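Here's the structure we're looking at; comments come further down.
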Amino acid sequence: MSVRITRDDVAHVATLARLSLADDELDTFTAQLAAVLEHAEDVAALDLADVPPTSHPVPLVNVLRPDVPGPTLSPEDALAAAPQAEDGRFRVPTILGEAP
Amino acid sequence: MTGPSPSSPSSPSPAGTAREIARSVRSGERSAVDVLDGYVAAIEARETEIHAFNELTLDQARTVAADIDRRVAVGEDPGPLAGVPIALKDNLCTRGVVTTCSSKILEGWIPPYDATVVQRLVAAGSVAVGKTNLDEFAMGSSTENSAFGPTRNPHDTSRVPGGSSGGSAAAVAAGFAPVSLGSDTGGSIRQPAALCGVVGVKPTYGLVSRYGLIAFASSLDQIGPFATTVADAAVVLEAIAGHDPADATSIPQDAPSIVEHLDDGIAGLRVGVITELMGEGIHPDVAARVREAAEALAAAGAVVEEVSVPAVAYGLSAYYLIAPAEASSNLARFDGVRYGLRVDAATTNEMMVATRTAGFGAEVKRRIMLGTYALSAGYYDAFYGQAQKVRTLIARDFATAYERFDVLLSPTSPTTAFELGAIHDPLTMYLNDICTIPTNLAGDPAMSVPFGTGSDGLPIGVQVLAPTLGEVPMFRAAAVLEAAAPTEEVDR
C-alpha cells in the first residue's frame with residue numbers, strides 16, 4: 001500500500017500528542033515524516049500474513065511479586081518536584097468545563 | 001582545536017584501567033581520593049572544550065572517595081570497582097542529583113530515587129563524577145539534539161561523538177573517567193563507542209535492570225558500559241547485571257561471569273560476517289577494517305565465514321515505526337503535572353499543550369508524532385503491526401544464523417565521526433544506526449571494539465554480535481580483537 005501523510009494528518013497527530021505547531025513547522029514536519037514513512041514502504045509492502053507479531057524480545061509473561069507491603073516514596077518525596085502541590089496533591093488548572 | 005589530535009585522547013589515563021585502579025585501591029597502594037584528583041585534573045583541562053557533562057558531582061565524589069579510603073584503612077573491601085570514577089548518562093535517575101535527559105522539559109528535575117544500576121555501582125565501590133550529555137531523551141546519533149548544546153569528539157572537536165550516549169563515550173575517550181554508563185535503544189552505546197574509539201556494550205535485553213532509566217522505547221532500551229578496555233567493560237557489566245524485582249522485564253538469573261573467561265581464546269569459535277551489512281552504505285575504510293578483524297579472528301583459531309541475515313535489510317524501517325510508537329506513549333507522562341517544566345495556561349489541557357510544545361525539541365516532537373501516526377486508526381496495521389511482524393522475521397533470521405555461528409561480525413557505524421552540523425535530514429541521520437538496530441529488535445547482545453582508523457585518522461569500531469545471553473563468547477571474541485587491533489596508526 002502507499003500512504004502519503006498530509007499536512008492535515010500531521011496537524012491531527014499533533015493535537016492527539018498535545019503539541020502545538022506553527023505553520024512553518026507543520027510544513028517541515030510533514031515533509032520529514034513523509035520521507036521516513038516512504039522509507040518504511042518496504043516494510044508496509046511485505047506479505048506477512050502468516051507471520052506472528054513480536055512486541056517484546058523476552059518471553060516473560062505475568063511477572064508477579066508477593067503481595068507484601070514494602071517501602072515506597074513518601075507523599076512529600078512524590079510531590080517534591082511538582083510544579084504546584086497543595087494538601088498532599090498535585091494542583092492543576094481548571095479541568096471541569098473544558099472541551100474534551 | 002580542529003583536525004585529528006596529535007595528543008593521546010583515548011589512552012587510559014595515568015591512573016590506569018578500572019581494574020588496575022580497583023586493585024590498587026583495594027590493596028591500599030593508592031587512595032581513591034588521589035585517583036579522583038587525576039581525573040578531576042583531566043576534566044578541568046578539557047571539559048569546556050568537549051562538553052561531555054550536563055552536571056559534575058565532584059564534591060560528592062570526593063566525599064565518596066574519602067569514605068572508600070577510610071573503609072580500606074579499617075580492613076573493609078569496598079568492592080570490585082573500589083575507587084573507580086564513573087560517568088552516568090543523564091537519563092539514569094540519581095537521588096538528589098539533577099537528571100534532565102538533556103531536555104528543557106526536565107531541566108532542574110531532582111529524582112527521589114536511584115536507578116538500580118546506580119545503586120549497584122555504589123555497592124561495588126565506584127565513584128560517580130557526573131551526568132553526561134545525550135541527544136534529548138536518547139533520540140539521535142550525534143548528541144547534537146541536546147537542549148544544552150552538543151558534545152564534541154575528543155579525537156577531533158570539529159566532529160560529533162556519535163549518539164545518543166555521546167557524553168558518556170566522549171568522557172571515557174577524553175580520560176574524564178575510566179568507565180561510564182550509557183543506554184542503547186538502536187545503537188546509542190555502540191555507535192558513539194565506535195566514533196570515539198572506545199569499547200561499548202549493549203547487553204542482552206533483560207540482563208541489566210532498567211529501573212530508574214527514563215524510558216524511550218521500553219521493548220528496546222538497555223543499559224550498558226563504556227570503557228577503554230574489553231576487560232573493564234566486563235567488570236562494569238558484571239557489577240550492574242543480574243535479576244532485579246523492580247524491573248518486570250529483568251531476566252530472573254544471576255549476572256554472568258565474564259572476566260574469568262576473557263583469556264579463554266577462540267579456538268574453534270564459529271564467526272559469521274553479515275553479508276547484508278558489508279555492502280551499500282558502508283564506507284570502504286570501515287568494510288576493510290571489518291575484513292581485517294575477521295582475518296585476525298581466523299588467525300586466532302576461529303572458523304570465519306560469510307553469512308546472510310536477509311531481514312536485517314528491513315531493520316531500519318521497522319525500528320523507526322516501533323521505537324517512535326513506544327516513545328509517543330512513554331513521553332505522554334511529561335505533561336507539567338508531576339515534575340519538570342510547567343507553562344501556565346487557563347485550563348489543564350492548554351497547560352499541557354503549552355508545556356510540551358515549549359519543553360520538547362524538534363527531534364522528540366518528530367518521533368512523538370511519527371509514533372502517534374503509526375499507532376493511529378487506519379494506519380496501525382499497515383505500519384506498527386507490520387513492523388512487529390518484521391521484528392519476528394529479524395529474530396528468526398538471527399536465530400537461523402546462530403545455529404551455524406557462535407558470534408557474528410559487522411561494522412558498528414557505516415562511517416567514522418562526521419562534522420557537527422553536517423547532517424540536517426532526519427532520515428540520513430537515522431541511517432547511522434543501520435548496523436546496530438537489528439540487534440535491539442532481536443533483544444540480543446552486541447558490542448563495539450575499536451579496530452584501527454580510517455584514512456581520515458578517525459577511529460573505526462567493529463561490532464561483535466551474539467545470541468541471547470551469549471555475552472561470554474562475545475567478550476572472548478572482543479578480547480581477541482582488542483589484542484589484534486592495528487595500533488601503529490591509531491590515534492590513541
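A note on labels: chains of the C-alpha cells are A, B, ... as shown, every chain counts residues from 1, and ligands are counted from 1 in their shown order.
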
Practice item. When you get a sec, could you note down which chain B residues fall within 8 Å of chain A, using only C-alpha atoms, as JSON, numbers by chain? Key: {"B": [109, 110, 112, 205, 206, 219, 245, 248, 249, 314, 317, 318, 320, 321, 328, 332, 336, 337, 338, 339, 340, 341, 342, 345, 346, 347, 348, 349, 351, 352, 353, 354, 356, 357, 365, 366, 368, 369, 370, 372, 373, 382, 383, 385, 386, 387, 388, 389, 390, 391, 392, 393, 425, 426, 427, 441, 442, 443]}

Sel. of strand (DSSP E or B) residues, segment 48-126 of chain B, as a JSON list (two decimals) with N, CA and C atoms, in the first residue's frame:
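Printed below is states.json as written:
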```json
[["chain", "number", "residue", "atom", "x", "y", "z"],
["B", 53, "PHE", "N", 29.67, 16.60, 29.94],
["B", 53, "PHE", "CA", 28.79, 16.52, 31.11],
["B", 53, "PHE", "C", 27.69, 17.58, 31.09],
["B", 54, "ASN", "N", 26.51, 17.20, 31.57],
["B", 54, "ASN", "CA", 25.47, 18.18, 31.90],
["B", 54, "ASN", "C", 25.66, 18.68, 33.32],
["B", 55, "GLU", "N", 26.19, 17.80, 34.18],
["B", 55, "GLU", "CA", 26.32, 18.15, 35.60],
["B", 55, "GLU", "C", 27.52, 17.38, 36.17],
["B", 56, "LEU", "N", 28.42, 18.09, 36.84],
["B", 56, "LEU", "CA", 29.52, 17.42, 37.52],
["B", 56, "LEU", "C", 29.18, 17.29, 39.00],
["B", 85, "PRO", "N", 36.33, 5.97, 39.27],
["B", 85, "PRO", "CA", 35.43, 7.04, 38.84],
["B", 85, "PRO", "C", 34.56, 6.58, 37.67],
["B", 86, "ILE", "N", 33.29, 6.97, 37.68],
["B", 86, "ILE", "CA", 32.39, 6.57, 36.61],
["B", 86, "ILE", "C", 31.46, 7.73, 36.26],
["B", 87, "ALA", "N", 31.17, 7.87, 34.95],
["B", 87, "ALA", "CA", 30.26, 8.91, 34.47],
["B", 87, "ALA", "C", 28.95, 8.24, 34.08],
["B", 88, "LEU", "N", 27.83, 8.90, 34.37],
["B", 88, "LEU", "CA", 26.50, 8.31, 34.17],
["B", 88, "LEU", "C", 25.70, 9.13, 33.16],
["B", 89, "LYS", "N", 25.13, 8.43, 32.18],
["B", 89, "LYS", "CA", 24.29, 9.12, 31.21],
["B", 89, "LYS", "C", 23.13, 9.81, 31.92],
["B", 92, "LEU", "N", 19.69, 8.43, 33.56],
["B", 92, "LEU", "CA", 19.67, 7.49, 34.68],
["B", 92, "LEU", "C", 19.36, 8.28, 35.95],
["B", 94, "THR", "N", 19.32, 9.64, 39.53],
["B", 94, "THR", "CA", 20.29, 9.72, 40.61],
["B", 94, "THR", "C", 19.66, 10.53, 41.74],
["B", 97, "VAL", "N", 20.50, 14.27, 42.66],
["B", 97, "VAL", "CA", 21.33, 14.88, 41.61],
["B", 97, "VAL", "C", 20.48, 15.11, 40.36]]
```

Practice item. Would you kindly return, as a list in words, each protein, DNA or RNA residue with an atom no farther than 12 Å from any atom of Gly16 of chain B, considering only C-alpha atoms and excluding same-chain residues fewer than 2 positions away? Key: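 In the requested format, the answer is Ser10, Ser11, Pro12, Ser13, Pro14, Ala18, Arg19, Glu20, Ile21, Ala22, Arg23, Ser24, Val25, Arg30, Val35, Leu36, Gly38, Tyr39, Val84, Pro85, Gly175, Ala177, Pro178, Val179, Ala227, Thr228, Thr229 and Asp232 of chain B.
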
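For the residues B:Asp247, B:Glu47, B:Asp135, B:Glu280, ranking by smallest atom-to-atom distance to Gly166 of chain B using only C-alpha atoms places B:Asp135 first.
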
Check your understanding: Between atom CA of Leu213 of chain B and atom CA of Ser180 of chain B, what is the distance, to one decimal in Å?
Key -> 14.6 Å

Practice item. List every residue of segment 36-279 of chain B that DSSP, applied to the backbone of this structure, assigns to alpha helix (DSSP H), and report them as a PyMOL selection string. Key: chain B and resi 36-50+58-73+116-123+166-173+190-196+230-240

Writer output for current selection, C-alpha atoms, as a PDB file, in the first residue's frame:
```pdb
ATOM      1  CA  LEU B  36      39.845  11.007  41.644  1.00  0.00           C
ATOM      2  CA  ASP B  37      42.189  14.019  41.667  1.00  0.00           C
ATOM      3  CA  GLY B  38      43.835  12.760  38.479  1.00  0.00           C
ATOM      4  CA  TYR B  39      40.509  12.601  36.673  1.00  0.00           C
ATOM      5  CA  VAL B  40      39.388  15.964  38.044  1.00  0.00           C
ATOM      6  CA  ALA B  41      42.527  17.483  36.530  1.00  0.00           C
ATOM      7  CA  ALA B  42      41.677  15.939  33.149  1.00  0.00           C
ATOM      8  CA  ILE B  43      38.108  17.257  33.387  1.00  0.00           C
ATOM      9  CA  GLU B  44      39.308  20.743  34.310  1.00  0.00           C
ATOM     10  CA  ALA B  45      41.755  20.732  31.394  1.00  0.00           C
ATOM     11  CA  ARG B  46      39.322  19.830  28.599  1.00  0.00           C
ATOM     12  CA  GLU B  47      35.662  19.688  29.668  1.00  0.00           C
ATOM     13  CA  THR B  48      34.948  23.244  28.487  1.00  0.00           C
ATOM     14  CA  GLU B  49      36.054  22.187  25.017  1.00  0.00           C
ATOM     15  CA  ILE B  50      34.341  18.745  24.962  1.00  0.00           C
ATOM     16  CA  LEU B  58      32.885  16.288  42.096  1.00  0.00           C
ATOM     17  CA  ASP B  59      32.187  17.410  45.678  1.00  0.00           C
ATOM     18  CA  GLN B  60      30.041  14.342  46.336  1.00  0.00           C
ATOM     19  CA  ALA B  61      32.659  12.234  44.514  1.00  0.00           C
ATOM     20  CA  ARG B  62      35.356  13.439  46.895  1.00  0.00           C
ATOM     21  CA  THR B  63      33.210  12.521  49.901  1.00  0.00           C
ATOM     22  CA  VAL B  64      32.558   9.037  48.453  1.00  0.00           C
ATOM     23  CA  ALA B  65      36.256   8.538  47.616  1.00  0.00           C
ATOM     24  CA  ALA B  66      37.342   9.593  51.111  1.00  0.00           C
ATOM     25  CA  ASP B  67      34.842   7.129  52.591  1.00  0.00           C
ATOM     26  CA  ILE B  68      36.248   4.340  50.435  1.00  0.00           C
ATOM     27  CA  ASP B  69      39.754   5.150  51.661  1.00  0.00           C
ATOM     28  CA  ARG B  70      38.501   5.061  55.264  1.00  0.00           C
ATOM     29  CA  ARG B  71      36.948   1.640  54.693  1.00  0.00           C
ATOM     30  CA  VAL B  72      40.133   0.250  53.164  1.00  0.00           C
ATOM     31  CA  ALA B  73      42.099   1.618  56.132  1.00  0.00           C
ATOM     32  CA  THR B 116      19.137   0.076  40.180  1.00  0.00           C
ATOM     33  CA  VAL B 117      22.370   0.322  38.158  1.00  0.00           C
ATOM     34  CA  VAL B 118      23.399   3.355  40.216  1.00  0.00           C
ATOM     35  CA  GLN B 119      22.685   1.507  43.481  1.00  0.00           C
ATOM     36  CA  ARG B 120      24.764  -1.449  42.250  1.00  0.00           C
ATOM     37  CA  LEU B 121      27.675   0.763  41.165  1.00  0.00           C
ATOM     38  CA  VAL B 122      27.697   2.399  44.599  1.00  0.00           C
ATOM     39  CA  ALA B 123      27.636  -1.043  46.232  1.00  0.00           C
ATOM     40  CA  GLY B 166      27.817  10.860  23.141  1.00  0.00           C
ATOM     41  CA  GLY B 167      28.705  12.398  26.506  1.00  0.00           C
ATOM     42  CA  SER B 168      29.440   9.014  28.081  1.00  0.00           C
ATOM     43  CA  ALA B 169      31.600   7.952  25.109  1.00  0.00           C
ATOM     44  CA  ALA B 170      33.466  11.267  24.985  1.00  0.00           C
ATOM     45  CA  ALA B 171      34.036  11.245  28.768  1.00  0.00           C
ATOM     46  CA  VAL B 172      35.882   7.917  28.520  1.00  0.00           C
ATOM     47  CA  ALA B 173      37.712   8.850  25.309  1.00  0.00           C
ATOM     48  CA  ARG B 190      27.817   1.092  20.275  1.00  0.00           C
ATOM     49  CA  GLN B 191      27.799   3.862  17.638  1.00  0.00           C
ATOM     50  CA  PRO B 192      29.333   6.574  19.886  1.00  0.00           C
ATOM     51  CA  ALA B 193      31.824   3.989  21.202  1.00  0.00           C
ATOM     52  CA  ALA B 194      32.921   3.367  17.601  1.00  0.00           C
ATOM     53  CA  LEU B 195      33.156   7.075  16.758  1.00  0.00           C
ATOM     54  CA  CYS B 196      35.119   7.855  19.938  1.00  0.00           C
ATOM     55  CA  VAL B 230      37.278  -5.019  26.978  1.00  0.00           C
ATOM     56  CA  ALA B 231      38.095  -6.270  30.489  1.00  0.00           C
ATOM     57  CA  ASP B 232      36.956  -3.024  32.119  1.00  0.00           C
ATOM     58  CA  ALA B 233      33.661  -3.220  30.230  1.00  0.00           C
ATOM     59  CA  ALA B 234      33.235  -6.786  31.509  1.00  0.00           C
ATOM     60  CA  VAL B 235      33.892  -5.758  35.119  1.00  0.00           C
ATOM     61  CA  VAL B 236      31.280  -2.996  34.969  1.00  0.00           C
ATOM     62  CA  LEU B 237      28.736  -5.259  33.247  1.00  0.00           C
ATOM     63  CA  GLU B 238      29.188  -7.914  35.935  1.00  0.00           C
ATOM     64  CA  ALA B 239      28.584  -5.249  38.596  1.00  0.00           C
ATOM     65  CA  ILE B 240      25.308  -3.981  37.095  1.00  0.00           C
TER      66      ILE B 240
END
```

Exercise for review: Skip Gln222 of chain B itself and residues of its chain fewer than 2 positions away, then list as a PyMOL selection string all residues within 9 Å of it, counting only C-alpha atoms.
Suggested key: chain B and resi 182-185+202-210+213+218-220+224+440
